[in-house]
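What follows is a set of notes on a single structure, which appears directly below.
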Amino acid sequence: MSVGYLPALPWHASSWQALQPLRERGVHALLLHGAAGIGKKSLALDLARATLCESRASDGRACGACAGCLLTAAGNHPDLRIVVPDTLAEWRAAAADEASADDEAGAEEGEAEPVAGGKTKRISREIRIEQVRALADFVATSTHRGGSRVVLLAPAELLNTASANALLKMLEEPPPGSLFVLVADALDDVLPTIRSRCVLARVPAPQRDVALTWLRQQLAQPSAGAAPIDAESSLAAAGGAPLLALAQAGGADLDADARAVLAELLGRGAQLTAAEVAGRVPKSIAVAPALALLQRWGWDLLALSTLRTATAVRYHPREASALARVARQTEAGAVLAWLARLGAQRATQEHPLNARLVIEAVLLDYIACFQPVPPMAGRPAR
């Protein structure tokens with residue numbers, strides 16, 4: 001299942017309405033921010049298309065039929081630039097071609113792609129200064145079609161210091177008719193100088209029933225030979241982010257058997273033994289999604305250990321009873337320590353020496369969450 005540009009996502013209706021007065025005021029720089037996986041880049045592209053449309057509909061959306069819309073849909077509009085890291089190049093291609101639907105995830109930093117002469121170049125996860133400098137001529141010249149020009153840049157938090165400084169000069173003195181649309185998953189990670197030059201627009205996460213209905217529609221036609229995918233479980237595992245759930249359903253997540261084994265082992269809590277870990281972890285297991293599942297379990301367990309209420313379970317609602325039982329067997333401090341070690345493992349998840357040993361080590365650390373803490377001088381044992 002692939003995820004590319006998805007026009008007019010239903011949960012963006014309120015955000016779209018809120019953006020129209022800003023556009024009418026002639027705001028030159030918008031920063032759309034919100035949770036990852038809710039389609040902010042698609043909303044930004046909807047806004048870019050509407051801005052370049054030459055015959056907009058009454059609700060401010062692109063007509064889809066004028067010359068401007070046809071050029072944008074074909075990826076050839078001379079007054080639109082999309083700036084993303086190399087790792088999102090496939091999304092940019094999908095945005096330029098509605099018939100394509102490439103996944104938003106690309107190559108990881110450190111990977112290489114072939115270029116002419118049999119050589120390779122590094123794939124960057126940052127927005128490079130060369131990409132921003134290339135915008136200078138674009139914003140300095142007259143528009144080709146006599147209307148607006150749009151720069152869509154995402155994610156804004158991946159601007160490095162040099163590229164952010166180069167962009168800052170354009171934001172401070174924007175040419176007439178220019179609109180910069182920036183997108184960020186983590187607003188706090190965007191440099192303050194960039195944030196201060198933009199109008200901030202928060203894009204809320206969809207309500208669960210709206211997201212679930214949409215996801216079920218997307219999953220209604222599974223690939224040939226593929227097992228049906230449970231939309232409710234996928235949405236919960238993605239933290240309520242439907243586009244992330246759709247991407248994971250396409251194979252970026254664990255297979256059902258591995259997921260079931262990990263959930264059962266985690267649910268044993270204090271009864272889990274090292275022998276069970278060694279005997280049941282699959283020999284072949286995808287490290288990154290397995291660690292993500294373990295981390296989500298830890299977050300749910302931490303919430304339960306702190307709040308002591310079933311409503312605290314966000315990612316594993318079907319295992320809520322097991323989580324509640326396990327939460328009574330440990331303390332928040334022990335779970336936090338385990339999550340810290342998990343975070344360290346995730347930092348090297350793309351290059352594991354032995355996938356099975358990585359997951360076994362994390363589960364052995366999990367067992368330690370339920371071991372009595374040796375008493376310190378003057379403090380009773382737990």
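In the structure tokens, each chain is lettered A, B, ... as it comes, each chain's residues begin at 1, and ligands are numbered from 1 in order of appearance.
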
Which segment 170-251 of chain A residues have any atom within 12 Å of an atom of segment 27-40 of chain A, and for each, what is the nearest pair of atoms with distance in Å to one decimal, counting only C-alpha atoms, rows sorted by chain and number, as JSON lines?
{"residue": "A:Met170", "atom": "CA", "partner": "A:Ala29", "partner_atom": "CA", "distance": 10.1}
{"residue": "A:Leu171", "atom": "CA", "partner": "A:Ala29", "partner_atom": "CA", "distance": 7.1}
{"residue": "A:Glu172", "atom": "CA", "partner": "A:Ala29", "partner_atom": "CA", "distance": 9.8}
{"residue": "A:Glu173", "atom": "CA", "partner": "A:His28", "partner_atom": "CA", "distance": 9.8}
{"residue": "A:Pro174", "atom": "CA", "partner": "A:His28", "partner_atom": "CA", "distance": 7.1}
{"residue": "A:Pro175", "atom": "CA", "partner": "A:His28", "partner_atom": "CA", "distance": 8.9}
{"residue": "A:Pro176", "atom": "CA", "partner": "A:His28", "partner_atom": "CA", "distance": 8.5}
{"residue": "A:Gly177", "atom": "CA", "partner": "A:His28", "partner_atom": "CA", "distance": 7.8}
{"residue": "A:Ser178", "atom": "CA", "partner": "A:His28", "partner_atom": "CA", "distance": 6.0}
{"residue": "A:Leu179", "atom": "CA", "partner": "A:His28", "partner_atom": "CA", "distance": 4.6}
{"residue": "A:Phe180", "atom": "CA", "partner": "A:Ala29", "partner_atom": "CA", "distance": 4.5}
{"residue": "A:Val181", "atom": "CA", "partner": "A:Leu30", "partner_atom": "CA", "distance": 4.9}
{"residue": "A:Leu182", "atom": "CA", "partner": "A:Leu31", "partner_atom": "CA", "distance": 4.6}
{"residue": "A:Val183", "atom": "CA", "partner": "A:Leu32", "partner_atom": "CA", "distance": 4.8}
{"residue": "A:Ala184", "atom": "CA", "partner": "A:His33", "partner_atom": "CA", "distance": 4.8}
{"residue": "A:Asp185", "atom": "CA", "partner": "A:Ala36", "partner_atom": "CA", "distance": 5.2}
{"residue": "A:Ala186", "atom": "CA", "partner": "A:His33", "partner_atom": "CA", "distance": 7.2}
{"residue": "A:Leu187", "atom": "CA", "partner": "A:His33", "partner_atom": "CA", "distance": 6.2}
{"residue": "A:Asp188", "atom": "CA", "partner": "A:His33", "partner_atom": "CA", "distance": 9.9}
{"residue": "A:Asp189", "atom": "CA", "partner": "A:His33", "partner_atom": "CA", "distance": 11.1}
{"residue": "A:Val190", "atom": "CA", "partner": "A:Leu31", "partner_atom": "CA", "distance": 9.9}
{"residue": "A:Leu191", "atom": "CA", "partner": "A:Leu31", "partner_atom": "CA", "distance": 12.0}
{"residue": "A:Ile194", "atom": "CA", "partner": "A:Leu31", "partner_atom": "CA", "distance": 9.1}
{"residue": "A:Arg195", "atom": "CA", "partner": "A:Leu31", "partner_atom": "CA", "distance": 7.4}
{"residue": "A:Ser196", "atom": "CA", "partner": "A:Leu31", "partner_atom": "CA", "distance": 10.0}
{"residue": "A:Arg197", "atom": "CA", "partner": "A:Ala29", "partner_atom": "CA", "distance": 7.1}
{"residue": "A:Cys198", "atom": "CA", "partner": "A:Ala29", "partner_atom": "CA", "distance": 4.9}
{"residue": "A:Val199", "atom": "CA", "partner": "A:Leu30", "partner_atom": "CA", "distance": 4.9}
{"residue": "A:Leu200", "atom": "CA", "partner": "A:Leu31", "partner_atom": "CA", "distance": 4.9}
{"residue": "A:Ala201", "atom": "CA", "partner": "A:Leu32", "partner_atom": "CA", "distance": 4.9}
{"residue": "A:Arg202", "atom": "CA", "partner": "A:His33", "partner_atom": "CA", "distance": 5.0}
{"residue": "A:Val203", "atom": "CA", "partner": "A:Gly34", "partner_atom": "CA", "distance": 5.1}
{"residue": "A:Pro204", "atom": "CA", "partner": "A:Gly34", "partner_atom": "CA", "distance": 6.2}
{"residue": "A:Ala205", "atom": "CA", "partner": "A:Ile38", "partner_atom": "CA", "distance": 6.2}
{"residue": "A:Pro206", "atom": "CA", "partner": "A:Ile38", "partner_atom": "CA", "distance": 7.4}
{"residue": "A:Gln207", "atom": "CA", "partner": "A:Ile38", "partner_atom": "CA", "distance": 10.9}
{"residue": "A:Arg208", "atom": "CA", "partner": "A:Ile38", "partner_atom": "CA", "distance": 11.8}
{"residue": "A:Val210", "atom": "CA", "partner": "A:Ile38", "partner_atom": "CA", "distance": 11.8}
{"residue": "A:Ala211", "atom": "CA", "partner": "A:Ile38", "partner_atom": "CA", "distance": 9.2}
{"residue": "A:Trp214", "atom": "CA", "partner": "A:Ile38", "partner_atom": "CA", "distance": 11.7}
{"residue": "A:Leu215", "atom": "CA", "partner": "A:Ile38", "partner_atom": "CA", "distance": 11.6}
{"residue": "A:Leu235", "atom": "CA", "partner": "A:Gly37", "partner_atom": "CA", "distance": 10.7}
{"residue": "A:Ala238", "atom": "CA", "partner": "A:Gly37", "partner_atom": "CA", "distance": 8.3}
{"residue": "A:Gly239", "atom": "CA", "partner": "A:Gly37", "partner_atom": "CA", "distance": 9.3}
{"residue": "A:Gly240", "atom": "CA", "partner": "A:Ile38", "partner_atom": "CA", "distance": 8.6}
{"residue": "A:Ala241", "atom": "CA", "partner": "A:Gly37", "partner_atom": "CA", "distance": 5.0}
{"residue": "A:Pro242", "atom": "CA", "partner": "A:Ile38", "partner_atom": "CA", "distance": 6.1}
{"residue": "A:Leu243", "atom": "CA", "partner": "A:Gly37", "partner_atom": "CA", "distance": 4.8}
{"residue": "A:Leu244", "atom": "CA", "partner": "A:Gly37", "partner_atom": "CA", "distance": 4.7}
{"residue": "A:Ala245", "atom": "CA", "partner": "A:Gly37", "partner_atom": "CA", "distance": 7.9}
{"residue": "A:Leu246", "atom": "CA", "partner": "A:Gly37", "partner_atom": "CA", "distance": 9.2}
{"residue": "A:Ala247", "atom": "CA", "partner": "A:Gly37", "partner_atom": "CA", "distance": 9.0}
{"residue": "A:Gln248", "atom": "CA", "partner": "A:Gly37", "partner_atom": "CA", "distance": 10.7}

For this session: Compile the contact shell of Arg128 of chain A as a ChimeraX atom specification: residues with an atom at most 10 Å away, counting only C-alpha atoms, same-chain residues fewer than 6 positions apart removed.
Result: /A:83-86,158-164

Residues as selected, N, CA and C atoms, written as a PDB file, in the first residue's frame, can you do that?
ATOM      1  N   VAL A  83      10.232  21.913  -2.486  1.00  0.00           N
ATOM      2  CA  VAL A  83      11.556  21.686  -1.911  1.00  0.00           C
ATOM      3  C   VAL A  83      11.425  20.700  -0.761  1.00  0.00           C
ATOM      4  N   VAL A  84      11.996  19.522  -0.935  1.00  0.00           N
ATOM      5  CA  VAL A  84      11.977  18.481   0.093  1.00  0.00           C
ATOM      6  C   VAL A  84      13.351  17.828   0.143  1.00  0.00           C
ATOM      7  N   PRO A  85      13.681  17.129   1.230  1.00  0.00           N
ATOM      8  CA  PRO A  85      14.961  16.389   1.258  1.00  0.00           C
ATOM      9  C   PRO A  85      14.992  15.311   0.181  1.00  0.00           C
ATOM     10  N   ASP A  86      16.180  14.845  -0.113  1.00  0.00           N
ATOM     11  CA  ASP A  86      16.314  13.764  -1.102  1.00  0.00           C
ATOM     12  C   ASP A  86      15.482  12.544  -0.716  1.00  0.00           C
ATOM     13  N   LEU A 158      13.801  20.163   8.969  1.00  0.00           N
ATOM     14  CA  LEU A 158      15.004  19.572   8.383  1.00  0.00           C
ATOM     15  C   LEU A 158      15.828  20.581   7.601  1.00  0.00           C
ATOM     16  N   LEU A 159      15.506  21.867   7.742  1.00  0.00           N
ATOM     17  CA  LEU A 159      16.408  22.909   7.265  1.00  0.00           C
ATOM     18  C   LEU A 159      17.613  22.957   8.195  1.00  0.00           C
ATOM     19  N   ASN A 160      18.809  22.844   7.647  1.00  0.00           N
ATOM     20  CA  ASN A 160      19.970  23.031   8.513  1.00  0.00           C
ATOM     21  C   ASN A 160      20.223  24.529   8.675  1.00  0.00           C
ATOM     22  N   THR A 161      21.190  24.900   9.478  1.00  0.00           N
ATOM     23  CA  THR A 161      21.412  26.316   9.782  1.00  0.00           C
ATOM     24  C   THR A 161      21.693  27.126   8.524  1.00  0.00           C
ATOM     25  N   ALA A 162      22.523  26.594   7.647  1.00  0.00           N
ATOM     26  CA  ALA A 162      22.884  27.324   6.426  1.00  0.00           C
ATOM     27  C   ALA A 162      21.680  27.502   5.506  1.00  0.00           C
ATOM     28  N   SER A 163      20.930  26.433   5.286  1.00  0.00           N
ATOM     29  CA  SER A 163      19.780  26.531   4.390  1.00  0.00           C
ATOM     30  C   SER A 163      18.683  27.397   4.995  1.00  0.00           C
ATOM     31  N   ALA A 164      18.539  27.356   6.333  1.00  0.00           N
ATOM     32  CA  ALA A 164      17.539  28.209   6.990  1.00  0.00           C
ATOM     33  C   ALA A 164      17.902  29.677   6.843  1.00  0.00           C
TER      34      ALA A 164
END

Exercise. Near Gln271 of chain A, counting only C-alpha atoms, which residues have an atom at most 9 Å away, once you skip same-chain residues fewer than 3 positions from it, shown as number ranges by chain?
Worked result: A: 267-268, 367, 370

Output file for the selection above: all heavy atoms, as a short mmCIF file (atom, residue, chain, number, x, y, z; two decimals), in the first residue's frame:
data_model
loop_
_atom_site.label_atom_id
_atom_site.label_comp_id
_atom_site.auth_asym_id
_atom_site.auth_seq_id
_atom_site.Cartn_x
_atom_site.Cartn_y
_atom_site.Cartn_z
N GLY A 267 2.82 -9.08 27.05
CA GLY A 267 1.67 -9.20 27.96
C GLY A 267 1.94 -10.11 29.15
O GLY A 267 1.18 -10.08 30.12
N ARG A 268 3.00 -10.91 29.10
CA ARG A 268 3.31 -11.79 30.23
C ARG A 268 3.93 -11.02 31.39
O ARG A 268 3.88 -11.47 32.53
CB ARG A 268 4.24 -12.92 29.78
CG ARG A 268 3.48 -13.93 28.91
CD ARG A 268 4.24 -15.20 28.65
NE ARG A 268 4.88 -15.81 29.79
CZ ARG A 268 4.27 -16.51 30.76
NH1 ARG A 268 2.95 -16.64 30.74
NH2 ARG A 268 4.97 -17.06 31.73
N ILE A 367 12.25 -7.53 30.90
CA ILE A 367 12.10 -8.38 32.08
C ILE A 367 12.64 -7.68 33.32
O ILE A 367 12.09 -7.79 34.42
CB ILE A 367 12.82 -9.73 31.85
CG1 ILE A 367 12.10 -10.53 30.75
CG2 ILE A 367 12.89 -10.55 33.14
CD1 ILE A 367 12.82 -11.83 30.36
N PHE A 370 10.63 -5.63 35.94
CA PHE A 370 9.81 -6.27 36.98
C PHE A 370 10.65 -6.85 38.11
O PHE A 370 10.13 -7.52 38.98
CB PHE A 370 8.94 -7.37 36.34
CG PHE A 370 8.16 -6.87 35.15
CD1 PHE A 370 8.62 -7.06 33.86
CD2 PHE A 370 6.97 -6.18 35.33
CE1 PHE A 370 7.92 -6.59 32.76
CE2 PHE A 370 6.26 -5.71 34.24
CZ PHE A 370 6.73 -5.91 32.95
#

For this session: Write out as a list in words each polymer residue whose atoms come within 7 Å of segment 318-326 of chain A, counting only C-alpha atoms; drop sequence neighbours fewer than 2 positions from it.
Result: Gly267, Gly269, Leu301, Leu304, Ala310, Val313, His316, Arg328, Gln329 and Thr330 of chain A

Problem set entry | Which of segment 166-211 of chain A fall in alpha helix (DSSP H), as a PyMOL selection string | chain A and resi 166-172+192-196+208-211

Give me the residues within 10 Å of Ala292 of chain A as a compact mmCIF listing (two decimals) with N, CA and C atoms, in the first residue's frame, counting only C-alpha atoms and dropping any in the same chain fewer than 6 places off.
# COMPACT_ATOMS: atom_id res chain seq x y z
N ALA A 237 -2.29 1.49 16.13
CA ALA A 237 -0.83 1.32 16.14
C ALA A 237 -0.12 2.56 15.61
N ALA A 238 -0.80 3.31 14.73
CA ALA A 238 -0.22 4.52 14.17
C ALA A 238 -0.55 5.75 15.00
N ASP A 253 5.26 -2.40 8.18
CA ASP A 253 5.07 -2.82 9.55
C ASP A 253 5.41 -4.31 9.67
N LEU A 254 5.26 -4.85 10.88
CA LEU A 254 5.50 -6.27 11.11
C LEU A 254 4.42 -7.12 10.48
N GLY A 298 5.66 0.44 25.41
CA GLY A 298 6.24 1.15 26.55
C GLY A 298 5.51 2.45 26.85
N LEU A 342 15.47 1.53 24.77
CA LEU A 342 14.84 1.31 23.47
C LEU A 342 15.22 2.42 22.49
N GLY A 343 15.22 3.65 22.99
CA GLY A 343 15.58 4.77 22.13
C GLY A 343 17.00 4.64 21.60
N ARG A 346 16.94 2.19 18.77
CA ARG A 346 16.33 2.73 17.56
C ARG A 346 17.30 3.61 16.79
